[in-house]
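Undergrad: My structure is stored as query20.tsv, with TSV, C-alpha atoms.
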chain	number	residue	atom	x	y	z
A	8	MET	CA	117.45	136.38	102.06
A	9	LYS	CA	116.31	132.84	102.66
A	10	HIS	CA	118.83	130.14	103.41
A	11	TRP	CA	118.55	126.86	101.49
A	12	ARG	CA	117.70	125.12	104.78
A	13	ASP	CA	114.43	127.06	104.85
A	14	GLN	CA	113.40	125.09	101.75
A	15	LEU	CA	113.95	121.63	103.27
A	16	ARG	CA	110.88	119.43	103.34
A	17	PRO	CA	110.29	117.24	106.41
A	18	ALA	CA	109.72	113.51	106.21
A	19	PRO	CA	106.27	112.81	104.76
A	20	GLY	CA	105.13	110.63	107.65
A	21	GLY	CA	103.60	107.23	107.23
A	22	ASP	CA	106.78	105.60	108.57
A	23	SER	CA	108.90	106.92	105.69
A	24	THR	CA	112.64	107.58	105.81
A	25	ALA	CA	113.15	108.27	102.10
A	26	TRP	CA	111.78	111.33	100.29
A	27	ARG	CA	112.65	114.38	98.17
A	28	CYS	CA	113.78	116.81	100.86
A	29	PHE	CA	114.85	119.64	98.52
A	30	HIS	CA	113.28	120.42	95.16
A	31	GLY	CA	114.90	123.51	93.71
A	32	THR	CA	112.56	123.95	90.75
A	33	GLY	CA	111.04	127.42	90.85
A	34	SER	CA	113.37	128.79	93.55
A	35	ARG	CA	116.66	130.66	93.59
A	36	TRP	CA	118.31	127.26	93.97
A	37	GLY	CA	116.83	126.00	90.72
A	38	GLY	CA	118.81	123.14	89.26
A	39	VAL	CA	119.41	121.41	92.62
A	40	TRP	CA	117.46	118.42	93.89
A	41	ILE	CA	118.16	116.39	97.03
A	42	ASP	CA	116.79	112.97	97.93
A	43	ASP	CA	117.10	111.95	101.57
A	44	PHE	CA	117.69	108.24	102.10
A	45	ASP	CA	117.51	107.91	105.89
A	46	GLY	CA	119.96	110.79	106.40
A	47	ARG	CA	122.12	109.94	103.41
A	48	TRP	CA	121.64	112.76	100.94
A	49	LEU	CA	121.92	112.34	97.20
A	50	VAL	CA	122.36	115.77	95.62
A	51	GLN	CA	121.63	116.08	91.91
A	52	THR	CA	122.45	119.17	89.88
A	53	GLU	CA	122.07	120.49	86.37
A	54	THR	CA	125.63	121.76	86.58
A	55	ALA	CA	128.75	119.60	86.44
A	56	HIS	CA	129.88	120.38	89.98
A	57	PHE	CA	128.64	120.04	93.55
A	58	PRO	CA	127.07	123.22	95.04
A	59	GLU	CA	129.46	123.95	97.90
A	60	SER	CA	126.91	125.82	100.03
A	61	PHE	CA	125.17	122.51	100.69
A	62	ARG	CA	128.29	120.94	102.22
A	63	GLU	CA	127.39	122.44	105.59
A	64	ALA	CA	124.43	120.05	105.83
A	65	VAL	CA	126.72	117.51	107.51
A	66	ASP	CA	128.09	119.97	110.06
A	67	LEU	CA	124.59	121.26	110.84
A	68	GLY	CA	123.29	117.75	111.41
A	69	ASP	CA	120.85	117.73	108.52
A	70	ALA	CA	122.64	114.87	106.77
A	71	ARG	CA	124.85	111.92	107.75
A	72	SER	CA	126.34	111.65	104.26
A	73	LEU	CA	126.52	113.75	101.14
A	74	TYR	CA	126.71	112.20	97.69
A	75	TRP	CA	126.44	114.00	94.37
A	76	LYS	CA	125.86	113.29	90.70
A	77	PRO	CA	124.91	115.45	87.73
A	78	ARG	CA	121.32	115.09	86.58
A	79	ASP	CA	122.10	113.40	83.30
A	80	LYS	CA	119.67	110.63	82.32
A	81	GLY	CA	122.29	109.18	80.01
A	82	ALA	CA	124.86	108.84	82.79
A	83	LYS	CA	125.16	105.39	84.36
A	84	THR	CA	127.87	106.29	86.88
A	85	ALA	CA	127.37	105.88	90.61
A	86	PRO	CA	127.09	108.96	92.84
A	87	GLU	CA	130.31	110.58	94.08
A	88	TRP	CA	131.00	110.85	97.81
A	89	VAL	CA	131.35	114.45	99.03
A	90	ALA	CA	131.24	114.52	102.84
A	91	GLY	CA	130.16	112.65	105.96
A	92	GLU	CA	129.97	108.88	106.27
A	93	LYS	CA	130.92	106.79	103.27
A	94	VAL	CA	128.22	104.37	102.21
A	95	THR	CA	129.92	101.18	101.04
A	96	GLU	CA	127.11	98.63	101.41
A	97	PRO	CA	123.45	98.50	100.40
A	98	PHE	CA	121.07	99.61	103.16
A	99	LEU	CA	117.34	99.68	103.82
A	100	VAL	CA	115.01	102.67	103.92
A	101	ARG	CA	111.31	102.73	104.69
A	102	GLU	CA	108.44	104.16	102.71
A	103	ASN	CA	104.93	104.01	104.17
A	104	GLY	CA	106.18	101.20	106.40
A	105	LEU	CA	107.73	99.11	103.61
A	106	ALA	CA	111.47	98.39	103.41
A	107	PHE	CA	113.42	99.04	100.20
A	108	ARG	CA	117.03	98.20	99.44
A	109	ILE	CA	119.16	101.19	98.38
A	110	ASP	CA	122.61	101.01	96.82
A	111	PHE	CA	124.79	104.12	96.42
A	112	GLU	CA	127.26	102.07	94.39
A	113	ALA	CA	124.67	101.58	91.64
A	114	GLY	CA	124.47	103.83	88.61
A	115	TYR	CA	121.32	105.30	86.98
A	116	SER	CA	119.15	105.11	90.11
A	117	GLN	CA	119.76	104.02	93.68
A	118	GLY	CA	116.89	101.54	93.76
A	119	ILE	CA	113.65	103.48	94.11
A	120	PHE	CA	111.97	106.39	92.35
A	121	LEU	CA	110.68	108.61	95.14
A	122	ASP	CA	108.19	110.45	92.94
A	123	GLN	CA	106.12	107.24	92.79
A	124	ARG	CA	105.58	107.04	96.56
A	125	GLU	CA	101.88	107.86	96.50
A	126	ASN	CA	101.24	105.58	93.53
A	127	ARG	CA	102.80	102.68	95.42
A	128	ARG	CA	100.54	103.44	98.36
A	129	ARG	CA	97.53	103.53	96.04
A	130	VAL	CA	98.47	100.13	94.61
A	131	ARG	CA	98.78	98.66	98.07
A	132	ASP	CA	95.38	100.07	99.07
A	133	ARG	CA	93.63	99.02	95.86
A	134	VAL	CA	94.59	95.36	95.60
A	135	ARG	CA	92.76	92.55	97.35
A	136	PRO	CA	94.14	89.19	98.48
A	137	GLY	CA	94.56	86.88	95.53
A	138	ASP	CA	94.49	89.60	92.86
A	139	ARG	CA	96.88	88.93	90.00
A	140	VAL	CA	98.95	92.05	89.30
A	141	LEU	CA	101.42	92.51	86.45
A	142	ASN	CA	104.22	95.03	86.97
A	143	THR	CA	105.86	96.00	83.66
A	144	PHE	CA	109.24	97.75	83.40
A	145	ALA	CA	109.54	96.59	86.99
A	146	TYR	CA	113.13	97.77	87.73
A	147	THR	CA	113.65	96.75	91.39
A	148	CYS	CA	110.00	95.68	91.75
A	149	ALA	CA	108.90	98.43	94.14
A	150	PHE	CA	105.35	98.35	92.78
A	151	SER	CA	105.36	94.56	93.01
A	152	LEU	CA	106.26	94.80	96.68
A	153	ALA	CA	103.42	97.24	97.33
A	154	ALA	CA	100.95	94.91	95.59
A	155	ALA	CA	102.32	91.82	97.34
A	156	VAL	CA	101.95	93.42	100.76
A	157	GLY	CA	98.32	94.05	99.83
A	158	GLY	CA	97.90	90.34	99.20
A	159	ALA	CA	98.29	90.22	95.42
A	160	ILE	CA	100.14	87.57	93.44
A	161	THR	CA	102.57	89.58	91.34
A	162	SER	CA	104.39	89.09	88.05
A	163	SER	CA	107.33	91.42	87.40
A	164	LEU	CA	108.73	92.07	83.91
A	165	ASP	CA	112.10	93.66	83.21
A	166	LEU	CA	114.96	93.35	80.74
A	167	SER	CA	117.49	93.12	83.57
A	168	ARG	CA	117.99	89.97	85.62
A	169	PRO	CA	120.06	91.84	88.26
A	170	TYR	CA	117.20	94.28	88.85
A	171	LEU	CA	114.71	91.44	89.17
A	172	ASP	CA	117.04	89.80	91.70
A	173	TRP	CA	117.15	93.14	93.53
A	174	GLY	CA	113.35	93.01	93.56
A	175	LYS	CA	113.41	89.57	95.14
A	176	ARG	CA	115.60	90.94	97.93
A	177	ASN	CA	113.10	93.77	98.44
A	178	LEU	CA	110.34	91.22	98.96
A	179	GLU	CA	112.52	89.22	101.35
A	180	ALA	CA	113.27	92.37	103.37
A	181	ASN	CA	109.53	92.60	104.04
A	182	GLY	CA	109.03	88.98	104.99
A	183	ILE	CA	107.59	87.93	101.61
A	184	ASP	CA	108.79	84.77	99.89
A	185	PRO	CA	109.75	85.58	96.27
A	186	ALA	CA	108.92	81.99	95.34
A	187	ASP	CA	105.24	82.89	95.69
A	188	HIS	CA	105.58	85.45	92.89
A	189	TYR	CA	106.76	85.53	89.28
A	190	PHE	CA	109.77	87.28	87.74
A	191	CYS	CA	110.09	87.39	83.96
A	192	LYS	CA	113.19	88.63	82.18
A	193	GLY	CA	112.67	90.07	78.73
A	194	ASP	CA	110.98	92.66	76.59
A	195	VAL	CA	107.67	93.94	77.98
A	196	PHE	CA	106.03	94.18	74.57
A	197	GLU	CA	106.92	90.58	73.74
A	198	TRP	CA	105.72	89.33	77.12
A	199	LEU	CA	102.40	91.17	76.80
A	200	ALA	CA	101.85	89.55	73.40
A	201	THR	CA	102.78	86.14	74.82
A	202	PHE	CA	100.44	86.47	77.79
A	203	ARG	CA	97.61	87.44	75.46
A	204	ARG	CA	98.20	84.39	73.25
A	205	GLN	CA	98.26	82.20	76.35
A	206	GLY	CA	95.02	83.72	77.63
A	207	ARG	CA	96.77	84.79	80.81
A	208	ASN	CA	94.90	87.74	82.37
A	209	PHE	CA	95.51	90.01	85.32
A	210	HIS	CA	93.25	92.06	87.54
A	211	GLY	CA	95.72	94.95	87.49
A	212	VAL	CA	98.56	96.02	85.22
A	213	ILE	CA	101.14	98.67	86.11
A	214	LEU	CA	102.70	100.62	83.25
A	215	ASP	CA	105.73	102.65	84.33
A	216	PRO	CA	107.94	102.77	81.22
A	217	PRO	CA	111.11	104.79	80.77
A	218	THR	CA	110.81	107.95	78.71
A	219	PHE	CA	112.98	106.29	76.06
A	220	SER	CA	114.16	102.72	75.65
A	221	ARG	CA	115.59	100.36	73.03
A	222	ASN	CA	115.25	96.60	73.26
A	223	GLY	CA	117.74	93.98	72.13
A	224	LYS	CA	116.29	94.01	68.62
A	225	GLY	CA	116.83	97.74	68.24
A	226	GLN	CA	113.15	98.61	68.57
A	227	VAL	CA	112.66	102.04	70.13
A	228	PHE	CA	109.95	103.11	72.58
A	229	LYS	CA	109.26	106.80	73.20
A	230	ALA	CA	106.67	107.57	75.86
A	231	ASP	CA	105.42	110.74	74.17
A	232	ARG	CA	104.91	108.88	70.86
A	233	ASP	CA	104.11	105.26	71.72
A	234	TYR	CA	102.19	105.29	75.00
A	235	ALA	CA	98.82	104.55	73.38
A	236	ASP	CA	100.31	101.43	71.74
A	237	LEU	CA	101.58	100.24	75.13
A	238	VAL	CA	98.15	100.76	76.71
A	239	SER	CA	96.50	98.86	73.86
A	240	LEU	CA	98.79	95.86	74.40
A	241	ALA	CA	98.21	95.93	78.15
A	242	CYS	CA	94.44	95.93	77.63
A	243	GLY	CA	94.87	92.55	75.99
A	244	VAL	CA	95.74	91.00	79.36
A	245	VAL	CA	93.44	92.93	81.72
A	246	GLU	CA	90.32	91.10	82.84
A	247	THR	CA	86.96	92.86	82.57
A	248	GLY	CA	86.58	95.25	85.49
A	249	GLY	CA	90.32	95.24	86.10
A	250	TRP	CA	92.54	98.30	86.13
A	251	LEU	CA	95.57	99.90	84.58
A	252	LEU	CA	97.93	102.19	86.44
A	253	CYS	CA	99.42	104.33	83.67
A	254	THR	CA	102.35	106.56	84.51
A	255	GLY	CA	104.64	108.48	82.20
A	256	ASN	CA	107.77	110.49	82.91
A	257	THR	CA	107.54	113.06	80.15
A	258	HIS	CA	107.51	116.84	79.82
A	259	ARG	CA	106.44	116.59	76.19
A	260	LEU	CA	102.93	115.43	77.05
A	261	ASP	CA	100.79	117.53	79.35
A	262	GLN	CA	98.22	115.81	81.56
A	263	ARG	CA	95.43	116.29	79.03
A	264	ASP	CA	97.44	114.75	76.17
A	265	PHE	CA	98.57	111.90	78.39
A	266	GLU	CA	94.99	111.06	79.32
A	267	LYS	CA	94.10	111.24	75.63
A	268	ALA	CA	96.82	108.70	74.81
A	269	VAL	CA	95.51	106.36	77.51
A	270	ARG	CA	91.96	106.59	76.17
A	271	GLN	CA	93.19	106.01	72.62
A	272	GLY	CA	95.04	102.89	73.73
A	273	VAL	CA	92.01	101.45	75.50
A	274	ARG	CA	89.80	102.19	72.51
A	275	ALA	CA	92.29	100.69	70.03
A	276	ALA	CA	92.13	97.43	72.00
A	277	GLY	CA	88.36	97.37	71.60
A	278	ARG	CA	87.85	97.94	75.32
A	279	ARG	CA	86.04	100.60	77.34
A	280	ALA	CA	87.50	103.05	79.83
A	281	ASN	CA	84.77	102.89	82.47
A	282	ASP	CA	86.50	105.17	84.91
A	283	LEU	CA	89.59	107.37	84.66
A	284	GLU	CA	91.28	109.16	87.56
A	285	ALA	CA	94.31	111.46	87.41
A	286	CYS	CA	96.59	111.58	90.46
A	287	PRO	CA	99.13	114.23	91.50
A	288	MET	CA	102.77	113.76	92.43
A	289	PRO	CA	103.87	113.83	96.09
A	290	PRO	CA	103.67	117.38	97.51
A	291	GLU	CA	107.41	117.84	98.06
A	292	PHE	CA	107.86	117.94	94.29
A	293	ASN	CA	106.48	121.47	94.41
A	294	GLY	CA	103.85	121.06	91.74
A	295	ASP	CA	106.30	119.82	89.13
A	296	ASP	CA	104.21	117.90	86.62
A	297	TYR	CA	106.68	115.81	84.63
A	298	LEU	CA	105.23	112.56	86.05
A	299	LYS	CA	101.75	111.87	84.75
A	300	THR	CA	99.50	109.31	86.46
A	301	VAL	CA	96.15	107.92	85.34
A	302	TRP	CA	94.17	105.04	86.84
A	303	VAL	CA	91.67	103.52	84.44
A	304	GLU	CA	89.12	100.76	84.96
A	305	VAL	CA	88.90	98.62	81.84
A	306	GLY	CA	85.53	97.38	80.66
A	307	GLY	CA	84.69	94.54	78.28
A	308	MET	CA	84.92	94.34	74.52
Since I need it in another form, could you write the structure as structure tokens?
TA:
Amino acid sequence: MKHWRDQLRPAPGGDSTAWRCFHGTGSRWGGVWIDDFDGRWLVQTETAHFPESFREAVDLGDARSLYWKPRDKGAKTAPEWVAGEKVTEPFLVRENGLAFRIDFEAGYSQGIFLDQRENRRRVRDRVRPGDRVLNTFAYTCAFSLAAAVGGAITSSLDLSRPYLDWGKRNLEANGIDPADHYFCKGDVFEWLATFRRQGRNFHGVILDPPTFSRNGKGQVFKADRDYADLVSLACGVVETGGWLLCTGNTHRLDQRDFEKAVRQGVRAAGRRANDLEACPMPPEFNGDDYLKTVWVEVGGM
């Protein structure tokens, strides 16, 4: 019988110290996921308790620290310390050579969504110096950092000022002056409408919305229902020949339906989808397909 250690995934390379090292979907350890943040393990479970068999990871030298939290998207509580070193201060990890600030005292997420690693690399490779890139639902501005390292001038939108400030610290950790970039607090839909009225366009727009959100006015966004509307709004600020990176964290839409929603949004804006490319998740996610990714080049009216 295989031990859980046989399922551990090594670091992905590319000067990365943060990755999904254990993805239990489809194995006898289903319902357990482990993210490795430079030796500090965050264990997530479907159950309301820590799986004790994983405690030995510290003794065996696989992990410096063990933290745990139930996999409940509605929970905002910080992870619970289980074993090993206690992490009391934010720390830096690397992904494809870039530094990101991680905080185990934070709720919801610890600062970076590891399933977007390859998309961040693609953004960094795609941009050219001077490109204007808009990062919507920016959270801690990880995509903005990737674009900025590629030479782009970025604008980050998020409802949370603390997360935008976190994003500024991410840029600073990589030797980038946040003053050379833009950070806009507020509702993405309102900002997209404002930018369109102002005639402010971007070469690239990144759409990485939550599965479900509600703004300060009580308006609800559901990715499986409203994604085409979001794409249509974004097309209003993309210059001809520019691109959209469309991602969606949803099991309710399969890849085909997600691509259909993207095409519908482009068409509703009176634009053309000149090129559309679907991209897979990082390999350590074992073929799980909850995260959909589509790149689309946007043509003229």
Undergrad: List the neighbours of Phe144 (chain A) out to 8 Å using all atoms listed in the file; skip same-chain residues closer than 2 positions along the sequence, and give me the result as a list in words.
TA: Asn142, Tyr146, Ser163, Leu164, Asp165, Leu166, Val195, Leu214, Asp215, Pro216 and Pro217 of chain A
Undergrad: Quote the spacing between CA of Cys286 (chain A) and CA of Ala241 (chain A) in Å to one decimal place.
TA: 20.0 Å
Undergrad: Determine, counting only C-alpha atoms, which protein, DNA and RNA residues have an atom within 10 Å of an atom of Pro17 (chain A); residues of the same chain fewer than 4 positions away are not included. Present the result as a PDB file with C-alpha atoms, keeping the file's coordinate frame.
TA:
ATOM      1  CA  THR A  24     112.640 107.580 105.810  1.00  0.00           C
ATOM      2  CA  TRP A  26     111.780 111.330 100.290  1.00  0.00           C
ATOM      3  CA  ARG A  27     112.650 114.380  98.170  1.00  0.00           C
ATOM      4  CA  CYS A  28     113.780 116.810 100.860  1.00  0.00           C
ATOM      5  CA  PHE A  29     114.850 119.640  98.520  1.00  0.00           C
ATOM      6  CA  ASP A  43     117.100 111.950 101.570  1.00  0.00           C
ATOM      7  CA  GLU A 291     107.410 117.840  98.060  1.00  0.00           C
TER       8      GLU A 291
END
Undergrad: Quick one: which region 165-270 of chain A residues come within 9 Å of region 114-133 of chain A, and what is the nearest atom pair for each with the distance in Å to one decimal, counting all atoms listed in the file, rows ordered by chain and ascending number, as a tab-separated table?
TA:
residue	atom	partner	partner_atom	distance
A:Tyr170	CA	A:Gly118	CA	8.8
A:Trp173	CA	A:Gly118	CA	8.4
A:Leu252	CA	A:Val130	CA	8.4
Undergrad: Would you write out those residues with C-alpha atoms, as a short mmCIF file (atom, residue, chain, number, x, y, z; two decimals), in the frame of the given file?
TA:
data_model
loop_
_atom_site.label_atom_id
_atom_site.label_comp_id
_atom_site.auth_asym_id
_atom_site.auth_seq_id
_atom_site.Cartn_x
_atom_site.Cartn_y
_atom_site.Cartn_z
CA TYR A 170 117.20 94.28 88.85
CA TRP A 173 117.15 93.14 93.53
CA LEU A 252 97.93 102.19 86.44
#
Undergrad: Figure out the distance between CA of Asp194 (chain A) and CA of Glu179 (chain A), please, to one decimal in Å.
TA: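 About the pair CA of Glu179 (chain A) and CA of Asp194 (chain A): they are 25.0 Å apart.
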Undergrad: When you count all atoms listed in the file, which of these residues is closest to Val50 (chain A): A:Arg62, A:Lys76, A:Arg274, A:Arg176?
TA: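 Looking only at the distances to Val50 (chain A), the closest residue turns out to be A:Lys76.
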Undergrad: Could you check which of A:Leu283, A:Leu237, A:Leu298, A:Leu49 is closest to Thr257 (chain A), using only C-alpha atoms?
TA: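 Nearest candidate to Thr257 (chain A) out of A:Leu283, A:Leu237, A:Leu298, A:Leu49: A:Leu298.
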Undergrad: Near Asp295 (chain A), counting all atoms listed in the file, which residues have an atom at most 12 Å away, once you skip same-chain residues fewer than 3 positions from it, shown as a VMD selection string?
TA: chain A and resid 30 to 33 122 256 to 258 261 to 262 287 to 292 298 to 299
Undergrad: Neighbouring residues of Ala268 (chain A) were defined as those with any atom within 10 Å, considering all atoms listed in the file; residues of the same chain fewer than 2 positions away were excluded. Please report them as number ranges by chain.
TA: A: 230-239, 260, 262-266, 270-274
Undergrad: Leaving out Phe202 (chain A) and any residue of its chain fewer than 4 positions from it, which residues lie within 10 Å of it when counting only C-alpha atoms, given as a PyMOL selection string?
TA: chain A and resi 197-198+206-209+241+243-244
Undergrad: Provide the CA of Lys93 (chain A) to CA of Gly46 (chain A) distance in Å, to one decimal place.
TA: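 Distance between the two atoms: 12.1 Å.
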Undergrad: Go ahead and find all residues with at least one atom no further than 10 Å from (121.7, 116.3, 100.0) in the file's coordinates, using all atoms listed in the file; report them as an MDAnalysis selection string.
TA: chainID A and resid 15 27:29 39:44 46:51 61:62 64:65 69:75 89
Undergrad: Using all atoms listed in the file, find the one residue out of A:Asp138, A:Thr147, A:Gly21, A:Thr161 that sits nearest to Gly104 (chain A).
TA: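 Among A:Asp138, A:Thr147, A:Gly21, A:Thr161, it is A:Gly21 that comes nearest to Gly104 (chain A).
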Undergrad: Which is closer to Phe57 (chain A) than all the others in A:Val140, A:Leu99, A:Leu240, A:Ala90, using all atoms listed in the file?
TA: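 Going through A:Val140, A:Leu99, A:Leu240, A:Ala90 one by one, the smallest distance to Phe57 (chain A) is for A:Ala90.
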